[in-house]
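Visitor: So that you have it, the file is input.pdb, and it contains PDB, C-alpha atoms:
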```
MODEL        1
ATOM      1  CA  MET A1493     159.748  92.545  85.000
ATOM      2  CA  THR A1494     157.747  95.742  85.502
ATOM      3  CA  GLU A1495     159.604  98.855  84.407
ATOM      4  CA  PRO A1496     160.413 101.282  87.272
ATOM      5  CA  TYR A1497     158.033 104.178  87.602
ATOM      6  CA  THR A1498     159.753 107.515  87.009
ATOM      7  CA  PHE A1499     159.234 111.131  87.918
ATOM      8  CA  GLU A1500     158.811 111.924  84.229
ATOM      9  CA  GLU A1501     155.881 109.518  83.939
ATOM     10  CA  LEU A1502     154.271 111.127  86.970
ATOM     11  CA  ALA A1503     154.830 114.663  85.679
ATOM     12  CA  GLU A1504     153.888 114.190  82.054
ATOM     13  CA  ASN A1505     150.404 112.938  82.965
ATOM     14  CA  GLN A1506     149.560 116.281  84.610
ATOM     15  CA  THR A1507     148.225 119.550  83.214
ATOM     16  CA  ASP A1508     150.837 122.155  82.227
ATOM     17  CA  ALA A1509     150.089 124.206  85.344
ATOM     18  CA  VAL A1510     150.357 121.285  87.767
ATOM     19  CA  GLN A1511     153.409 119.957  85.932
ATOM     20  CA  GLY A1512     155.133 123.314  86.353
ATOM     21  CA  ILE A1513     154.421 123.381  90.099
ATOM     22  CA  LEU A1514     155.583 119.786  90.484
ATOM     23  CA  ARG A1515     158.838 120.349  88.602
ATOM     24  CA  ARG A1516     159.695 123.565  90.415
ATOM     25  CA  ALA A1517     158.985 122.019  93.840
ATOM     26  CA  ARG A1518     161.250 119.103  92.915
ATOM     27  CA  ALA A1519     163.972 121.511  91.766
ATOM     28  CA  LEU A1520     163.708 123.465  95.021
ATOM     29  CA  ILE A1521     164.151 120.305  97.089
ATOM     30  CA  ARG A1522     167.240 119.430  95.058
ATOM     31  CA  GLU A1523     168.513 122.995  95.355
ATOM     32  CA  LEU A1524     168.260 122.970  99.149
ATOM     33  CA  VAL A1525     169.828 119.517  99.594
ATOM     34  CA  PRO A1526     171.437 118.165  96.398
ATOM     35  CA  ALA A1527     172.212 114.902  98.231
ATOM     36  CA  ALA A1528     168.489 114.084  98.337
ATOM     37  CA  GLU A1529     167.453 110.985  96.394
ATOM     38  CA  GLU A1530     163.974 110.481  94.982
ATOM     39  CA  ARG A1531     161.661 107.581  94.195
ATOM     40  CA  ALA A1532     158.403 107.786  92.269
ATOM     41  CA  HIS A1533     155.543 105.463  93.243
ATOM     42  CA  ARG A1534     153.099 104.330  90.582
ATOM     43  CA  GLY A1535     150.387 103.197  93.003
ATOM     44  CA  TRP A1536     150.567 106.240  95.274
ATOM     45  CA  LYS A1537     151.108 108.591  92.312
ATOM     46  CA  ASN A1538     153.751 110.562  94.179
ATOM     47  CA  VAL A1539     157.493 111.051  94.470
ATOM     48  CA  VAL A1540     159.276 110.772  97.827
ATOM     49  CA  PHE A1541     162.606 112.306  98.830
ATOM     50  CA  GLY A1542     165.290 111.004 101.166
ATOM     51  CA  THR A1543     169.052 110.582 101.179
ATOM     52  CA  GLY A1544     169.710 107.049 100.020
ATOM     53  CA  PRO A1545     168.853 104.718  97.133
ATOM     54  CA  GLY A1546     166.219 102.995  99.242
ATOM     55  CA  VAL A1547     164.772 106.244 100.537
ATOM     56  CA  VAL A1548     164.033 104.638 103.902
ATOM     57  CA  GLY A1549     163.820 108.010 105.573
ATOM     58  CA  GLN A1550     161.243 109.941 103.576
ATOM     59  CA  PRO A1551     160.776 113.372 105.154
ATOM     60  CA  LEU A1552     159.179 114.844 102.021
ATOM     61  CA  ALA A1553     156.841 113.791  99.223
ATOM     62  CA  LEU A1554     155.148 115.537  96.290
ATOM     63  CA  ALA A1555     151.765 114.379  95.023
ATOM     64  CA  PRO A1556     149.997 116.055  92.061
ATOM     65  CA  TYR A1557     146.232 116.598  92.002
ATOM     66  CA  ARG A1558     143.891 118.080  89.401
ATOM     67  CA  ALA A1559     144.611 121.723  90.280
ATOM     68  CA  HIS A1560     147.445 121.684  92.833
ATOM     69  CA  VAL A1561     150.380 119.727  94.266
ATOM     70  CA  ASN A1562     150.546 118.535  97.857
ATOM     71  CA  LEU A1563     153.903 118.801  99.623
ATOM     72  CA  TYR A1564     153.777 116.105 102.323
ATOM     73  CA  VAL A1565     155.994 116.533 105.380
ATOM     74  CA  GLU A1566     156.946 113.739 107.775
ATOM     75  CA  ALA A1567     157.015 114.353 111.545
ATOM     76  CA  PRO A1568     155.383 117.792 111.199
ATOM     77  CA  GLU A1569     155.238 118.462 114.938
ATOM     78  CA  GLY A1570     158.998 119.079 114.900
ATOM     79  CA  ILE A1571     158.769 121.769 112.214
ATOM     80  CA  ALA A1572     158.001 125.435 112.832
ATOM     81  CA  ASP A1573     155.036 126.687 110.799
ATOM     82  CA  PRO A1574     154.271 130.275 111.867
ATOM     83  CA  ALA A1575     152.291 130.943 108.675
ATOM     84  CA  GLY A1576     149.988 127.973 109.318
ATOM     85  CA  LEU A1577     150.616 126.372 105.920
ATOM     86  CA  LEU A1578     150.646 122.759 107.118
ATOM     87  CA  GLU A1579     147.191 121.201 106.751
ATOM     88  CA  GLY A1580     145.773 118.093 108.388
ATOM     89  CA  THR A1581     145.847 116.742 111.923
ATOM     90  CA  GLY A1582     148.100 113.710 111.563
ATOM     91  CA  LYS A1583     151.072 113.355 113.889
ATOM     92  CA  ARG A1584     153.093 111.467 111.268
ATOM     93  CA  MET A1585     152.293 113.405 108.108
ATOM     94  CA  ARG A1586     150.747 116.738 107.084
ATOM     95  CA  HIS A1587     150.812 118.669 103.857
ATOM     96  CA  VAL A1588     151.089 122.089 102.209
ATOM     97  CA  LYS A1589     148.915 122.813  99.182
ATOM     98  CA  LEU A1590     150.930 124.352  96.334
ATOM     99  CA  ARG A1591     148.432 125.952  93.959
ATOM    100  CA  SER A1592     150.864 128.026  91.884
ATOM    101  CA  LEU A1593     154.549 128.620  91.168
ATOM    102  CA  ALA A1594     154.295 131.622  93.493
ATOM    103  CA  ASP A1595     153.319 129.270  96.337
ATOM    104  CA  VAL A1596     156.478 127.237  95.749
ATOM    105  CA  GLU A1597     158.606 130.378  95.978
ATOM    106  CA  ARG A1598     157.174 131.466  99.346
ATOM    107  CA  PRO A1599     159.941 131.766 101.981
ATOM    108  CA  GLU A1600     157.735 129.820 104.396
ATOM    109  CA  VAL A1601     157.606 126.860 101.999
ATOM    110  CA  ARG A1602     161.382 126.963 101.546
ATOM    111  CA  ALA A1603     161.791 127.000 105.345
ATOM    112  CA  ILE A1604     159.508 123.972 105.775
ATOM    113  CA  ILE A1605     161.393 122.000 103.112
ATOM    114  CA  ALA A1606     164.773 122.917 104.585
ATOM    115  CA  ALA A1607     163.671 122.022 108.116
ATOM    116  CA  ALA A1608     162.276 118.673 107.016
ATOM    117  CA  LEU A1609     165.393 117.762 105.066
ATOM    118  CA  VAL A1610     167.854 118.762 107.761
ATOM    119  CA  SER A1611     166.058 116.908 110.549
ATOM    120  CA  PRO A1612     162.394 115.912 110.616
ATOM    121  CA  ARG A1613     162.216 116.135 114.410
ATOM    122  CA  ALA A1614     164.893 118.624 115.422
ATOM    123  CA  PRO A1615     165.691 121.056 112.603
ATOM    124  CA  ALA A1616     169.150 122.559 112.736
ATOM    125  CA  PRO A1617     169.476 126.357 112.630
ATOM    126  CA  ALA A1618     169.540 127.687 109.079
ATOM    127  CA  ALA A1619     172.855 129.427 109.732
ATOM    128  CA  SER A1620     174.559 126.080 110.379
ATOM    129  CA  ARG A1621     173.721 124.606 106.955
ATOM    130  CA  ARG A1622     175.952 124.775 103.902
ATOM    131  CA  ALA A1623     173.128 125.648 101.558
ATOM    132  CA  THR A1624     175.257 126.057  98.475
ATOM    133  CA  SER A1625     176.651 122.532  98.536
ATOM    134  CA  GLY A1626     173.802 120.695 100.214
ATOM    135  CA  GLU A1627     176.118 119.532 103.028
ATOM    136  CA  ILE A1628     175.241 119.925 106.688
ATOM    137  CA  SER A1629     177.800 121.332 109.103
ATOM    138  CA  ASP A1630     179.285 119.288 111.939
ATOM    139  CA  ALA A1631     177.618 121.700 114.367
ATOM    140  CA  ALA A1632     174.218 120.771 112.919
ATOM    141  CA  VAL A1633     175.079 117.059 112.992
ATOM    142  CA  ARG A1634     176.184 117.328 116.612
ATOM    143  CA  GLU A1635     173.080 119.286 117.621
ATOM    144  CA  ALA A1636     170.693 116.810 116.007
ATOM    145  CA  THR A1637     172.471 113.508 116.784
ATOM    146  CA  GLY A1638     174.569 114.225 119.872
ATOM    147  CA  HIS A1639     177.894 113.556 118.079
ATOM    148  CA  ASP A1640     179.895 114.934 115.170
ATOM    149  CA  ARG A1641     180.647 113.110 111.912
ATOM    150  CA  ALA A1642     183.986 111.761 113.196
ATOM    151  CA  HIS A1643     182.143 109.813 115.902
ATOM    152  CA  TRP A1644     179.684 108.245 113.467
ATOM    153  CA  PHE A1645     182.370 107.548 110.867
ATOM    154  CA  ALA A1646     184.523 105.779 113.479
ATOM    155  CA  LEU A1647     181.521 103.680 114.479
ATOM    156  CA  LEU A1648     180.918 102.671 110.859
ATOM    157  CA  ASP A1649     184.615 101.977 110.256
ATOM    158  CA  ALA A1650     184.699  99.663 113.291
ATOM    159  CA  ALA A1651     181.662  97.809 111.947
ATOM    160  CA  GLY A1652     183.293  97.224 108.569
ATOM    161  CA  GLY A1653     181.449 100.026 106.813
ATOM    162  CA  ALA A1654     184.110 100.633 104.153
ATOM    163  CA  GLY A1655     183.163  97.366 102.445
ATOM    164  CA  SER A1656     179.408  97.584 102.963
ATOM    165  CA  THR A1657     176.412  98.515 100.863
ATOM    166  CA  HIS A1658     174.337 101.617 101.538
ATOM    167  CA  SER A1659     171.513  99.627 103.130
ATOM    168  CA  ALA A1660     174.022  97.845 105.384
ATOM    169  CA  LEU A1661     175.461 101.180 106.521
ATOM    170  CA  VAL A1662     171.976 102.408 107.411
ATOM    171  CA  ALA A1663     171.378  99.211 109.396
ATOM    172  CA  MET A1664     174.654  99.713 111.300
ATOM    173  CA  LEU A1665     173.339 103.065 112.540
ATOM    174  CA  ASP A1666     170.123 101.542 113.869
ATOM    175  CA  GLY A1667     169.750 101.420 117.640
ATOM    176  CA  HIS A1668     171.585 104.690 118.288
ATOM    177  CA  GLY A1669     168.575 106.949 118.725
ATOM    178  CA  LEU A1670     168.733 108.315 115.169
ATOM    179  CA  SER A1671     165.721 108.981 112.970
ATOM    180  CA  GLY A1672     165.504 107.144 109.666
ATOM    181  CA  TRP A1673     166.406 110.332 107.848
ATOM    182  CA  TRP A1674     169.575 110.893 109.896
ATOM    183  CA  ARG A1675     170.697 107.301 109.375
ATOM    184  CA  GLN A1676     170.347 107.891 105.643
ATOM    185  CA  MET A1677     172.169 111.232 105.749
ATOM    186  CA  LEU A1678     175.089 109.895 107.801
ATOM    187  CA  ALA A1679     175.391 106.844 105.552
ATOM    188  CA  VAL A1680     175.558 109.049 102.436
ATOM    189  CA  SER A1681     178.061 111.373 104.113
ATOM    190  CA  TYR A1682     180.209 108.368 105.079
ATOM    191  CA  GLU A1683     180.056 106.990 101.527
ATOM    192  CA  GLN A1684     181.236 110.324 100.138
ATOM    193  CA  ALA A1685     184.035 110.634 102.705
ATOM    194  CA  ARG A1686     185.278 107.096 102.011
ATOM    195  CA  GLY A1687     185.026 107.409  98.230
ATOM    196  CA  LEU A1688     182.028 105.085  97.931
ATOM    197  CA  ARG A1689     179.756 107.793  96.503
ATOM    198  CA  ALA A1690     180.853 110.703  94.355
ATOM    199  CA  LYS A1691     179.866 114.336  94.663
ATOM    200  CA  HIS A1692     176.733 115.234  92.653
ATOM    201  CA  GLN A1693     175.775 111.545  92.355
ATOM    202  CA  LYS A1694     172.042 110.740  92.264
ATOM    203  CA  SER A1695     170.104 107.531  91.796
ATOM    204  CA  ASP A1696     169.775 108.162  88.016
ATOM    205  CA  GLY A1697     173.279 109.466  87.355
ATOM    206  CA  PHE A1698     174.887 112.779  88.241
ATOM    207  CA  ALA A1699     173.249 116.208  88.366
ATOM    208  CA  VAL A1700     174.544 119.775  88.639
ATOM    209  CA  SER A1701     172.916 123.193  88.585
ATOM    210  CA  GLY A1702     173.753 126.823  87.959
ATOM    211  CA  SER A1703     171.983 130.135  88.420
ATOM    212  CA  LYS A1704     172.471 133.769  87.442
ATOM    213  CA  THR A1705     170.357 136.911  87.663
ATOM    214  CA  ILE A1706     170.427 138.872  84.403
ATOM    215  CA  ALA A1707     169.427 142.494  83.785
ATOM    216  CA  ALA A1708     167.090 141.857  80.862
ATOM    217  CA  PRO A1709     163.337 141.429  80.307
ATOM    218  CA  PRO A1710     162.216 137.861  81.109
ATOM    219  CA  ALA A1711     160.528 137.537  77.704
ATOM    220  CA  ALA A1712     163.803 138.378  75.955
ATOM    221  CA  ILE A1713     165.725 135.730  77.908
ATOM    222  CA  TRP A1714     163.001 133.200  77.145
ATOM    223  CA  ALA A1715     163.387 133.985  73.445
ATOM    224  CA  ALA A1716     167.165 133.695  73.779
ATOM    225  CA  TRP A1717     166.644 130.069  74.800
ATOM    226  CA  MET A1718     163.724 129.064  72.607
ATOM    227  CA  ASP A1719     164.740 130.723  69.307
ATOM    228  CA  ALA A1720     167.473 128.582  67.727
ATOM    229  CA  GLU A1721     169.049 131.479  65.816
ATOM    230  CA  ARG A1722     169.361 133.602  68.960
ATOM    231  CA  ARG A1723     170.473 130.663  71.069
ATOM    232  CA  ASP A1724     173.310 129.865  68.684
ATOM    233  CA  GLN A1725     174.777 133.332  69.305
ATOM    234  CA  TRP A1726     175.545 132.634  72.963
ATOM    235  CA  LEU A1727     175.235 128.830  73.196
ATOM    236  CA  PRO A1728     176.809 127.456  70.003
ATOM    237  CA  GLU A1729     177.293 123.973  71.496
ATOM    238  CA  SER A1730     173.511 123.546  71.627
ATOM    239  CA  ALA A1731     173.266 122.513  67.957
ATOM    240  CA  GLY A1732     170.916 119.552  67.875
ATOM    241  CA  LEU A1733     169.210 120.551  71.122
ATOM    242  CA  ARG A1734     165.751 118.967  71.402
ATOM    243  CA  ILE A1735     162.993 120.780  73.273
ATOM    244  CA  ARG A1736     160.876 118.231  75.148
ATOM    245  CA  THR A1737     158.376 120.483  76.936
ATOM    246  CA  ALA A1738     157.945 124.206  77.504
ATOM    247  CA  ILE A1739     155.703 126.243  79.789
ATOM    248  CA  GLU A1740     156.098 129.781  78.469
ATOM    249  CA  PRO A1741     157.723 131.885  79.825
ATOM    250  CA  ARG A1742     158.818 130.010  82.936
ATOM    251  CA  GLN A1743     160.163 126.540  82.289
ATOM    252  CA  ALA A1744     161.472 124.248  79.575
ATOM    253  CA  ARG A1745     163.135 120.853  79.312
ATOM    254  CA  PHE A1746     165.708 119.887  76.710
ATOM    255  CA  ASP A1747     167.632 116.816  75.636
ATOM    256  CA  TRP A1748     171.237 118.015  75.677
ATOM    257  CA  PRO A1749     173.199 117.065  72.536
ATOM    258  CA  ALA A1750     176.232 115.796  74.453
ATOM    259  CA  GLY A1751     174.119 113.760  76.893
ATOM    260  CA  GLY A1752     171.719 114.216  79.784
ATOM    261  CA  ARG A1753     168.710 116.430  80.231
ATOM    262  CA  VAL A1754     168.636 120.177  80.874
ATOM    263  CA  ILE A1755     165.802 121.903  82.721
ATOM    264  CA  LEU A1756     165.476 125.689  82.493
ATOM    265  CA  TYR A1757     163.655 127.831  85.080
ATOM    266  CA  LEU A1758     163.077 131.580  84.720
ATOM    267  CA  TYR A1759     162.082 133.636  87.773
ATOM    268  CA  PRO A1760     161.192 137.254  86.916
ATOM    269  CA  LYS A1761     162.543 139.872  89.334
ATOM    270  CA  GLY A1762     160.478 142.693  87.898
ATOM    271  CA  GLU A1763     160.119 143.844  84.298
ATOM    272  CA  ASP A1764     163.842 144.076  83.511
ATOM    273  CA  ARG A1765     165.532 141.394  85.618
ATOM    274  CA  VAL A1766     165.239 137.633  85.658
ATOM    275  CA  GLN A1767     166.892 134.793  87.531
ATOM    276  CA  VAL A1768     167.977 132.005  85.177
ATOM    277  CA  THR A1769     168.404 128.585  86.792
ATOM    278  CA  VAL A1770     169.622 125.511  84.913
ATOM    279  CA  GLN A1771     169.596 121.926  86.137
ATOM    280  CA  HIS A1772     171.627 119.400  84.098
ATOM    281  CA  GLU A1773     170.625 115.846  85.009
ATOM    282  CA  GLN A1774     171.398 112.248  84.027
ATOM    283  CA  LEU A1775     175.103 112.881  83.490
ATOM    284  CA  ALA A1776     177.255 109.790  83.100
ATOM    285  CA  ASP A1777     179.947 110.276  85.738
ATOM    286  CA  ALA A1778     181.613 112.612  88.235
ATOM    287  CA  GLU A1779     183.987 113.985  85.614
ATOM    288  CA  SER A1780     181.081 114.925  83.350
ATOM    289  CA  ALA A1781     179.284 116.545  86.293
ATOM    290  CA  ALA A1782     182.290 118.656  87.274
ATOM    291  CA  ARG A1783     182.886 119.657  83.670
ATOM    292  CA  GLU A1784     179.248 120.622  83.081
ATOM    293  CA  LYS A1785     178.994 122.579  86.321
ATOM    294  CA  GLU A1786     181.887 124.796  85.277
ATOM    295  CA  ALA A1787     180.571 124.930  81.711
ATOM    296  CA  TRP A1788     177.148 126.164  82.838
ATOM    297  CA  ARG A1789     178.787 128.861  84.951
ATOM    298  CA  GLN A1790     180.529 130.088  81.818
ATOM    299  CA  ARG A1791     177.456 129.657  79.603
ATOM    300  CA  LEU A1792     175.211 131.673  81.912
ATOM    301  CA  ASP A1793     177.840 134.376  82.192
ATOM    302  CA  LYS A1794     178.024 134.470  78.393
ATOM    303  CA  LEU A1795     174.230 134.773  78.260
ATOM    304  CA  ARG A1796     174.429 137.678  80.702
ATOM    305  CA  LEU A1797     177.050 139.483  78.625
ATOM    306  CA  TRP A1798     175.137 138.808  75.418
ATOM    307  CA  ALA A1799     171.880 140.030  76.995
ATOM    308  CA  VAL A1800     173.305 143.376  78.151
ATOM    309  CA  SER A1801     174.771 144.034  74.722
ATOM    310  CA  ASP A1802     172.628 145.163  71.821
ATOM    311  CA  GLU A1803     172.028 141.597  70.662
ATOM    312  CA  LEU A1804     168.576 141.407  72.235
TER     313      LEU A1804
ENDMDL
END
```
Now that the file is in, can you turn its structure into structure tokens?

Guide:
Amino acid sequence: MTEPYTFEELAENQTDAVQGILRRARALIRELVPAAEERAHRGWKNVVFGTGPGVVGQPLALAPYRAHVNLYVEAPEGIADPAGLLEGTGKRMRHVKLRSLADVERPEVRAIIAAALVSPRAPAPAASRRATSGEISDAAVREATGHDRAHWFALLDAAGGAGSTHSALVAMLDGHGLSGWWRQMLAVSYEQARGLRAKHQKSDGFAVSGSKTIAAPPAAIWAAWMDAERRDQWLPESAGLRIRTAIEPRQARFDWPAGGRVILYLYPKGEDRVQVTVQHEQLADAESAAREKEAWRQRLDKLRLWAVSDEL
């Protein structure tokens, strides 16, 4: 049997610059909607994003090229693009060229990703989204689908949804005027509400993230992570940490001693401030995810306190 193609295989075959863009764009998609699932395609050399294991609704895809990454967007005619970033003339798919990490951080790119993930054809207002948890409010569900969650959950309950697979739930929602993406989103939401899918659960385990802006030079924070002696002063549980890749001074990936993989992103906010974002992936279960989420909140706060002392 052919081994599944993974995001890591796709990323590690790219140059450092393209790999950095690809990883940050992926992290941004997960940041905006943590419920998003992903699937890498060996033949297409891309990774697509949706909200179920099968990724039937695929509003977004990332494809690396020699010097840039294309962000592909499904149903682009339903997405506002005042900056004119979407290229191509296709009615089904267009793309944004991401040539640098700065391109990924553009507010217009974030808006396009958010609009595509909330509804490819009828984006819900930004104010109606729960951006911090990745959930979508009932007001947004009602605006996009014509009914609130209770309506769709009752429909699935009546059809025997509580004992069904994810793909069966998606099929039950067919024929109700919903896009593929919304069928996926409602199925995932139903699974979570009925205890069939846990919070933070992804296709490859569980994942959590944390972020904190620290009043310190970005180079000093980078050294605080990459120098083992300094790191031990604020992160003693990292003994045995293995650095897999590093793109100085922006991004690094580590094998975490207690399990899973940690990805570090640094976003300078000037010469003396930096946003530190950590993504901890491939966790074994919901309990581990909840524990690590709280642990990273404490770890980043400890890094902040250590950084503003004289330790740097």

Visitor: Return as an mmCIF file with C-alpha atoms, in the coordinates of the input the set of residues that the PyMOL selection byres ((chain A and resi 1505) around 12) yields on the displayed structure.

Guide:
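This is the output file selection29.cif:
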```cif
data_model
loop_
_atom_site.group_PDB
_atom_site.id
_atom_site.type_symbol
_atom_site.label_atom_id
_atom_site.label_comp_id
_atom_site.auth_asym_id
_atom_site.auth_seq_id
_atom_site.Cartn_x
_atom_site.Cartn_y
_atom_site.Cartn_z
ATOM 1 C CA THR A 1498 159.753 107.515 87.009
ATOM 2 C CA PHE A 1499 159.234 111.131 87.918
ATOM 3 C CA GLU A 1500 158.811 111.924 84.229
ATOM 4 C CA GLU A 1501 155.881 109.518 83.939
ATOM 5 C CA LEU A 1502 154.271 111.127 86.970
ATOM 6 C CA ALA A 1503 154.830 114.663 85.679
ATOM 7 C CA GLU A 1504 153.888 114.190 82.054
ATOM 8 C CA GLN A 1506 149.560 116.281 84.610
ATOM 9 C CA THR A 1507 148.225 119.550 83.214
ATOM 10 C CA ASP A 1508 150.837 122.155 82.227
ATOM 11 C CA ALA A 1509 150.089 124.206 85.344
ATOM 12 C CA VAL A 1510 150.357 121.285 87.767
ATOM 13 C CA GLN A 1511 153.409 119.957 85.932
ATOM 14 C CA GLY A 1512 155.133 123.314 86.353
ATOM 15 C CA LEU A 1514 155.583 119.786 90.484
ATOM 16 C CA ARG A 1534 153.099 104.330 90.582
ATOM 17 C CA LYS A 1537 151.108 108.591 92.312
ATOM 18 C CA ASN A 1538 153.751 110.562 94.179
ATOM 19 C CA PRO A 1556 149.997 116.055 92.061
ATOM 20 C CA TYR A 1557 146.232 116.598 92.002
ATOM 21 C CA ARG A 1558 143.891 118.080 89.401
#
```

Visitor: With only C-alpha atoms as the atoms that count, which of A:Pro1599, A:Pro1551, A:Gly1697, A:Gly1669 lies nearest to Asp1573 in chain A?

Guide: A:Pro1599

Visitor: CA of Leu1647 in chain A and CA of Ala1679 in chain A are how many Å apart?

Guide: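 Computing it gives 11.3 Å between the two atoms.
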
Visitor: For Phe1645 in chain A, find every residue with an atom within 10 Å (counting only C-alpha atoms), except residues of its own chain fewer than 6 positions away, and show them as a PyMOL selection string.

Guide: chain A and resi 1651+1653-1654+1678-1679+1681-1683+1685-1686

Visitor: Take the PyMOL selection byres ((chain A and resi 1775) around 6), run it mentally on this structure, and tell me the resulting residues as a compact mmCIF listing (two decimals) with C-alpha atoms, in the coordinates of the input.

Guide:
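Result file part12.txt:
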```
# COMPACT_ATOMS: atom_id res chain seq x y z
CA GLY A 1697 173.28 109.47 87.36
CA PHE A 1698 174.89 112.78 88.24
CA GLY A 1752 171.72 114.22 79.78
CA GLU A 1773 170.62 115.85 85.01
CA GLN A 1774 171.40 112.25 84.03
CA ALA A 1776 177.26 109.79 83.10
CA ASP A 1777 179.95 110.28 85.74
```

Visitor: Take the PyMOL selection byres ((chain A and resi 1766) around 7), run it mentally on this structure, and tell me the resulting residues as a PDB file with C-alpha atoms, in the coordinates of the input.

Guide:
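selection_15.pdb was written with the following content:
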```pdb
ATOM      1  CA  THR A1705     170.357 136.911  87.663  1.00  0.00           C
ATOM      2  CA  ILE A1706     170.427 138.872  84.403  1.00  0.00           C
ATOM      3  CA  ALA A1707     169.427 142.494  83.785  1.00  0.00           C
ATOM      4  CA  ALA A1708     167.090 141.857  80.862  1.00  0.00           C
ATOM      5  CA  PRO A1709     163.337 141.429  80.307  1.00  0.00           C
ATOM      6  CA  PRO A1710     162.216 137.861  81.109  1.00  0.00           C
ATOM      7  CA  LEU A1758     163.077 131.580  84.720  1.00  0.00           C
ATOM      8  CA  TYR A1759     162.082 133.636  87.773  1.00  0.00           C
ATOM      9  CA  PRO A1760     161.192 137.254  86.916  1.00  0.00           C
ATOM     10  CA  LYS A1761     162.543 139.872  89.334  1.00  0.00           C
ATOM     11  CA  ASP A1764     163.842 144.076  83.511  1.00  0.00           C
ATOM     12  CA  ARG A1765     165.532 141.394  85.618  1.00  0.00           C
ATOM     13  CA  GLN A1767     166.892 134.793  87.531  1.00  0.00           C
ATOM     14  CA  VAL A1768     167.977 132.005  85.177  1.00  0.00           C
TER      15      VAL A1768
END
```

Visitor: Choose the residue, out of A:Val1565, A:Leu1795, A:Ile1604, A:Ile1755, that has the smallest atom-to-atom separation from Trp1726 in chain A; count all atoms listed in the file.

Guide: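 Result for the nearest residue to Trp1726 in chain A: A:Leu1795.
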
Visitor: Considering only C-alpha atoms, can you say which of A:Gly1687, A:Thr1581, A:Ala1559, A:Tyr1757 comes closest to Arg1518 in chain A?

Guide: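 Smallest distance to Arg1518 in chain A is found for A:Tyr1757.
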
Visitor: What does the distance between CA of Ala1594 in chain A and CA of Leu1563 in chain A come to in Å, to one decimal place?

Guide: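 Taking CA of Ala1594 in chain A as the start and CA of Leu1563 in chain A as the end point, the length is 14.2 Å.
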
Visitor: Pick out the residues sitting within 10 Å of Gln1725 in chain A, and hand them over as a PyMOL selection string; count only C-alpha atoms, and ignore anything fewer than 4 positions along from it in its own chain.

Guide: chain A and resi 1716+1720-1721+1729+1794-1795+1798+1803

Visitor: Residues around (176.1, 133.3, 88.1), cut-off 8 Å, counting all atoms listed in the file - what are they as a ChimeraX atom specification?

Guide: /A:1702-1705,1789,1792-1793

Visitor: Limited to C-alpha atoms, could you put the picked residues into a file as an mmCIF file, keeping the file's coordinate frame?

Guide:
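The resulting file, part-v5.cif, is reproduced below:
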```cif
data_model
loop_
_atom_site.group_PDB
_atom_site.id
_atom_site.type_symbol
_atom_site.label_atom_id
_atom_site.label_comp_id
_atom_site.auth_asym_id
_atom_site.auth_seq_id
_atom_site.Cartn_x
_atom_site.Cartn_y
_atom_site.Cartn_z
ATOM 1 C CA GLY A 1702 173.753 126.823 87.959
ATOM 2 C CA SER A 1703 171.983 130.135 88.420
ATOM 3 C CA LYS A 1704 172.471 133.769 87.442
ATOM 4 C CA THR A 1705 170.357 136.911 87.663
ATOM 5 C CA ARG A 1789 178.787 128.861 84.951
ATOM 6 C CA LEU A 1792 175.211 131.673 81.912
ATOM 7 C CA ASP A 1793 177.840 134.376 82.192
#
```

Visitor: To one decimal place, how far is CA of Ala1750 in chain A from CA of Trp1788 in chain A in Å?

Guide: 13.4 Å

Visitor: Between A:Leu1797, A:Ile1735, A:Ala1519, A:Ala1642, which one has atoms that come closest to Gln1771 in chain A, using only C-alpha atoms?

Guide: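 Comparing A:Leu1797, A:Ile1735, A:Ala1519, A:Ala1642 against Gln1771 in chain A, the winner is A:Ala1519.
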
Visitor: Of the candidates A:Glu1635, A:Trp1644, A:Ile1713, A:Arg1515, which one gets nearest to Leu1554 in chain A if we count all atoms listed in the file?

Guide: A:Arg1515

Visitor: At a cut-off of 9 Å, using all atoms listed in the file, what residues contact Glu1740 in chain A? Leave out same-chain residues fewer than 3 positions from it and give the result as a PDB file with C-alpha atoms, in the frame of the given file.

Guide:
```pdb
ATOM      1  CA  ALA A1711     160.528 137.537  77.704  1.00  0.00           C
ATOM      2  CA  TRP A1714     163.001 133.200  77.145  1.00  0.00           C
ATOM      3  CA  GLN A1743     160.163 126.540  82.289  1.00  0.00           C
ATOM      4  CA  ALA A1744     161.472 124.248  79.575  1.00  0.00           C
TER       5      ALA A1744
END
```

Visitor: Counting all atoms listed in the file, I want the residues whose atoms come within 12 Å of (157.7, 127.1, 106.8) in the file frame, returned as a compact mmCIF listing (two decimals) with C-alpha atoms, in the coordinates of the input.

Guide:
```
# COMPACT_ATOMS: atom_id res chain seq x y z
CA LEU A 1563 153.90 118.80 99.62
CA VAL A 1565 155.99 116.53 105.38
CA PRO A 1568 155.38 117.79 111.20
CA GLY A 1570 159.00 119.08 114.90
CA ILE A 1571 158.77 121.77 112.21
CA ALA A 1572 158.00 125.44 112.83
CA ASP A 1573 155.04 126.69 110.80
CA PRO A 1574 154.27 130.28 111.87
CA ALA A 1575 152.29 130.94 108.68
CA GLY A 1576 149.99 127.97 109.32
CA LEU A 1577 150.62 126.37 105.92
CA LEU A 1578 150.65 122.76 107.12
CA HIS A 1587 150.81 118.67 103.86
CA VAL A 1588 151.09 122.09 102.21
CA ASP A 1595 153.32 129.27 96.34
CA VAL A 1596 156.48 127.24 95.75
CA GLU A 1597 158.61 130.38 95.98
CA ARG A 1598 157.17 131.47 99.35
CA PRO A 1599 159.94 131.77 101.98
CA GLU A 1600 157.74 129.82 104.40
CA VAL A 1601 157.61 126.86 102.00
CA ARG A 1602 161.38 126.96 101.55
CA ALA A 1603 161.79 127.00 105.34
CA ILE A 1604 159.51 123.97 105.78
CA ILE A 1605 161.39 122.00 103.11
CA ALA A 1606 164.77 122.92 104.58
CA ALA A 1607 163.67 122.02 108.12
CA ALA A 1608 162.28 118.67 107.02
CA PRO A 1615 165.69 121.06 112.60
```
